[in-house]
Every structure is written in structure tokens, then in C-alpha cells.
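Chemist: A single structure is presented below for examination.
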Amino acid sequence: MAIPTPSVPKGHMLRALATPLDSDPREVSRARRTARGALTSWGLGDLADDMALIVSELVTNAVQHGEGPIVMVLQQRDDTVLIEVADASPRLPVPRQESAGEESGRGLALVQACSDDWGCRARGRNDGKWVWCRRSLRSAATTPVDQPSLLEAAS
């Protein structure tokens, strides 16, 4: 599974971490811990709860609806954090309408609520997909201090 290597103009910050994961539900917690640890070590601990929620949702979707091995990529480019999760299934995710009685189906709505932008793209002809989201560090800095994180609000 090829991991994209972006070019970075001189003077711009790039931190990146790629983590291969098995298609196993137990890998969701490992992905969450990995993301939280990376963000904290990058000095972005204030984003850790929301980004861990996003990672949980994207990796869970890849495990439940994807195929083959999974790769999670975290990147910080200047004032933006990017999360990408790849799997081998060419089927693109489709957000569902929330239903009060259902226990699942809210993942992409949570991803949308916690990020500035999200989407998916094919990895090539029948080679799977990347599902990604982006969050500006500026939008995180403008969140009111007394407002609970989305992870706390979801519990």
C-alpha cells in the first residue's frame, strides 16, 4: 500500500506518521492511542480528544466496511492537521441519515462535526480508497474553553 509523500515548500512545517493496521476491531484502540500520542508529542494535545474520536470513526469504518490492510496517516502541515485512513475496498463511504433508534451510522456525521473538511478519493483503479479529514489549528484555538470536547459530549 503506497503512502503519499507530499512535497513541502521551504519554511513550512510537516510532521507525519504512517501506521499500518490490521483489519481487526482491536486495532481501533491502537490507532486512537497512536494518534493521541503523536498529537501530544507535536504539542497539539488540545486537539487530541477530537482527533482521537475522528480516528476511531475512520478506522472503525475501514474495519467494518473496508477490505484488506489499513493505513492511518497523520500529518501536520503548518496550521492544519490531516488524518487519512486507507483500505483496499473501492467502495466509498456514504453518510447515512441519523436515526434515533440505531446504534450505528453516526460516524461520518461525527467526523464532519469535528473537522473543517472531509472527503474520500480512490487510490487507483480497484486499489481501494483514502478517507480523509482536515482540521485547522486556528479553528481549535477558537473553541470556547468551557465547551466540552466532542468526545466528552458523545459519551
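Letters A, B, ... go to the chains of the C-alpha cells in the order shown; residues in each chain start at 1; ligands are counted from 1 in the same order.
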Name the residues in contact with Val94 (chain A) at a cut-off of 12 Å, using only C-alpha atoms, excluding same-chain residues fewer than 4 positions from it; report them as a list in words.
Modeler: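 The neighbour list is Asn61, His65, Gly105, Arg106, Gly107, Leu108, Ala109, Gly119, Cys120 and Val131 of chain A.
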Chemist: So that I can see what lies close to Thr19 (chain A), please list as a ChimeraX atom specification the residues with an atom at most 12 Å from it, counting only C-alpha atoms and leaving out residues fewer than 6 positions away in the same chain.
Modeler: /A:1,3,27-28,30-35,38,55,59,69-75,83-86
Chemist: How would you write, as a list of chain:residue names, the set of residues in region 8-85 of chain A that DSSP gives as strand (DSSP E or B)?
Modeler: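 Answer for region 8-85 of chain A, restricted to strand (DSSP E or B): A:Leu14, A:Arg15, A:Ala16, A:Leu17, A:Ala18, A:Thr19, A:Pro20, A:Leu21, A:Ile70, A:Val71, A:Met72, A:Val73, A:Leu74, A:Gln75, A:Gln76, A:Arg77, A:Thr80, A:Val81, A:Leu82, A:Ile83, A:Glu84, A:Val85.
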Chemist: Could the residues in this selection be saved with N, CA, C and O atoms as a PDB file, in the first residue's frame?
Modeler:
```
ATOM      1  N   LEU A  14       6.187  20.236   8.398  1.00  0.00           N
ATOM      2  CA  LEU A  14       5.494  18.989   8.108  1.00  0.00           C
ATOM      3  C   LEU A  14       5.925  17.964   9.135  1.00  0.00           C
ATOM      4  O   LEU A  14       7.121  17.724   9.331  1.00  0.00           O
ATOM      5  N   ARG A  15       4.959  17.421   9.810  1.00  0.00           N
ATOM      6  CA  ARG A  15       5.171  16.270  10.682  1.00  0.00           C
ATOM      7  C   ARG A  15       4.231  15.206  10.168  1.00  0.00           C
ATOM      8  O   ARG A  15       3.082  15.494   9.844  1.00  0.00           O
ATOM      9  N   ALA A  16       4.705  13.993  10.112  1.00  0.00           N
ATOM     10  CA  ALA A  16       3.855  12.934   9.575  1.00  0.00           C
ATOM     11  C   ALA A  16       4.152  11.613  10.272  1.00  0.00           C
ATOM     12  O   ALA A  16       5.275  11.368  10.713  1.00  0.00           O
ATOM     13  N   LEU A  17       3.123  10.799  10.355  1.00  0.00           N
ATOM     14  CA  LEU A  17       3.227   9.469  10.937  1.00  0.00           C
ATOM     15  C   LEU A  17       2.293   8.557  10.153  1.00  0.00           C
ATOM     16  O   LEU A  17       1.113   8.875   9.993  1.00  0.00           O
ATOM     17  N   ALA A  18       2.820   7.447   9.666  1.00  0.00           N
ATOM     18  CA  ALA A  18       2.006   6.442   8.977  1.00  0.00           C
ATOM     19  C   ALA A  18       2.011   5.174   9.817  1.00  0.00           C
ATOM     20  O   ALA A  18       3.072   4.716  10.253  1.00  0.00           O
ATOM     21  N   THR A  19       0.831   4.628  10.062  1.00  0.00           N
ATOM     22  CA  THR A  19       0.699   3.441  10.898  1.00  0.00           C
ATOM     23  C   THR A  19      -0.092   2.373  10.156  1.00  0.00           C
ATOM     24  O   THR A  19      -1.280   2.564   9.890  1.00  0.00           O
ATOM     25  N   PRO A  20       0.542   1.246   9.817  1.00  0.00           N
ATOM     26  CA  PRO A  20      -0.220   0.140   9.231  1.00  0.00           C
ATOM     27  C   PRO A  20      -1.050  -0.544  10.319  1.00  0.00           C
ATOM     28  O   PRO A  20      -0.589  -0.703  11.455  1.00  0.00           O
ATOM     29  N   LEU A  21      -2.270  -0.917   9.971  1.00  0.00           N
ATOM     30  CA  LEU A  21      -3.185  -1.562  10.908  1.00  0.00           C
ATOM     31  C   LEU A  21      -3.796  -2.791  10.256  1.00  0.00           C
ATOM     32  O   LEU A  21      -4.028  -2.810   9.045  1.00  0.00           O
ATOM     33  N   ILE A  70      -5.110  -1.826   6.471  1.00  0.00           N
ATOM     34  CA  ILE A  70      -5.493  -0.428   6.664  1.00  0.00           C
ATOM     35  C   ILE A  70      -4.227   0.361   6.962  1.00  0.00           C
ATOM     36  O   ILE A  70      -3.310  -0.150   7.609  1.00  0.00           O
ATOM     37  N   VAL A  71      -4.177   1.595   6.514  1.00  0.00           N
ATOM     38  CA  VAL A  71      -3.093   2.503   6.878  1.00  0.00           C
ATOM     39  C   VAL A  71      -3.721   3.793   7.383  1.00  0.00           C
ATOM     40  O   VAL A  71      -4.631   4.336   6.756  1.00  0.00           O
ATOM     41  N   MET A  72      -3.228   4.262   8.541  1.00  0.00           N
ATOM     42  CA  MET A  72      -3.643   5.557   9.086  1.00  0.00           C
ATOM     43  C   MET A  72      -2.448   6.499   8.951  1.00  0.00           C
ATOM     44  O   MET A  72      -1.344   6.165   9.348  1.00  0.00           O
ATOM     45  N   VAL A  73      -2.698   7.675   8.386  1.00  0.00           N
ATOM     46  CA  VAL A  73      -1.650   8.679   8.233  1.00  0.00           C
ATOM     47  C   VAL A  73      -2.103   9.948   8.941  1.00  0.00           C
ATOM     48  O   VAL A  73      -3.207  10.433   8.708  1.00  0.00           O
ATOM     49  N   LEU A  74      -1.242  10.474   9.810  1.00  0.00           N
ATOM     50  CA  LEU A  74      -1.462  11.761  10.468  1.00  0.00           C
ATOM     51  C   LEU A  74      -0.411  12.719   9.944  1.00  0.00           C
ATOM     52  O   LEU A  74       0.761  12.355   9.853  1.00  0.00           O
ATOM     53  N   GLN A  75      -0.828  13.920   9.611  1.00  0.00           N
ATOM     54  CA  GLN A  75       0.113  14.937   9.143  1.00  0.00           C
ATOM     55  C   GLN A  75      -0.228  16.278   9.767  1.00  0.00           C
ATOM     56  O   GLN A  75      -1.398  16.589   9.944  1.00  0.00           O
ATOM     57  N   GLN A  76       0.811  17.028  10.078  1.00  0.00           N
ATOM     58  CA  GLN A  76       0.627  18.431  10.427  1.00  0.00           C
ATOM     59  C   GLN A  76       1.370  19.230   9.374  1.00  0.00           C
ATOM     60  O   GLN A  76       2.573  19.064   9.188  1.00  0.00           O
ATOM     61  N   ARG A  77       0.641  20.064   8.675  1.00  0.00           N
ATOM     62  CA  ARG A  77       1.222  20.980   7.697  1.00  0.00           C
ATOM     63  C   ARG A  77       0.901  22.382   8.185  1.00  0.00           C
ATOM     64  O   ARG A  77      -0.248  22.801   8.124  1.00  0.00           O
ATOM     65  N   THR A  80      -2.496  23.124   9.964  1.00  0.00           N
ATOM     66  CA  THR A  80      -3.542  22.154   9.644  1.00  0.00           C
ATOM     67  C   THR A  80      -3.105  20.749  10.031  1.00  0.00           C
ATOM     68  O   THR A  80      -1.959  20.367   9.807  1.00  0.00           O
ATOM     69  N   VAL A  81      -4.033  19.992  10.608  1.00  0.00           N
ATOM     70  CA  VAL A  81      -3.804  18.570  10.866  1.00  0.00           C
ATOM     71  C   VAL A  81      -4.679  17.801   9.887  1.00  0.00           C
ATOM     72  O   VAL A  81      -5.857  18.105   9.707  1.00  0.00           O
ATOM     73  N   LEU A  82      -4.072  16.808   9.254  1.00  0.00           N
ATOM     74  CA  LEU A  82      -4.759  15.966   8.277  1.00  0.00           C
ATOM     75  C   LEU A  82      -4.717  14.530   8.772  1.00  0.00           C
ATOM     76  O   LEU A  82      -3.661  14.053   9.188  1.00  0.00           O
ATOM     77  N   ILE A  83      -5.863  13.876   8.763  1.00  0.00           N
ATOM     78  CA  ILE A  83      -5.951  12.451   9.082  1.00  0.00           C
ATOM     79  C   ILE A  83      -6.437  11.757   7.822  1.00  0.00           C
ATOM     80  O   ILE A  83      -7.430  12.178   7.214  1.00  0.00           O
ATOM     81  N   GLU A  84      -5.737  10.686   7.437  1.00  0.00           N
ATOM     82  CA  GLU A  84      -6.157   9.885   6.293  1.00  0.00           C
ATOM     83  C   GLU A  84      -6.156   8.414   6.712  1.00  0.00           C
ATOM     84  O   GLU A  84      -5.247   7.969   7.403  1.00  0.00           O
ATOM     85  N   VAL A  85      -7.165   7.683   6.275  1.00  0.00           N
ATOM     86  CA  VAL A  85      -7.237   6.248   6.528  1.00  0.00           C
ATOM     87  C   VAL A  85      -7.516   5.571   5.188  1.00  0.00           C
ATOM     88  O   VAL A  85      -8.456   5.939   4.485  1.00  0.00           O
TER      89      VAL A  85
END
```
Chemist: So that I can see what lies close to Ala88 (chain A), please list as number ranges by chain the residues with an atom at most 6 Å from it, counting only C-alpha atoms and leaving out residues fewer than 5 positions away in the same chain.
Modeler: A: 67-68, 127-128
Chemist: Using only C-alpha atoms, which of the listed residues (A:Leu58, A:Val63, A:Met13, A:Gly37) sits closest to Pro25 (chain A)?
Modeler: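 Using only C-alpha atoms, the shortest distance to Pro25 (chain A) belongs to A:Val63.
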Chemist: Taking only C-alpha atoms into account, which of A:Ala52, A:Trp132, A:Trp42, A:Leu47 comes nearest Ser29 (chain A)?
Modeler: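 Going through A:Ala52, A:Trp132, A:Trp42, A:Leu47 one by one, the smallest distance to Ser29 (chain A) is for A:Ala52.
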Chemist: Measuring atom to atom with only C-alpha atoms, identify which of A:Arg36, A:Ala113, A:Gly66, A:Gly45 is nearest to Ser23 (chain A).
Modeler: A:Gly66
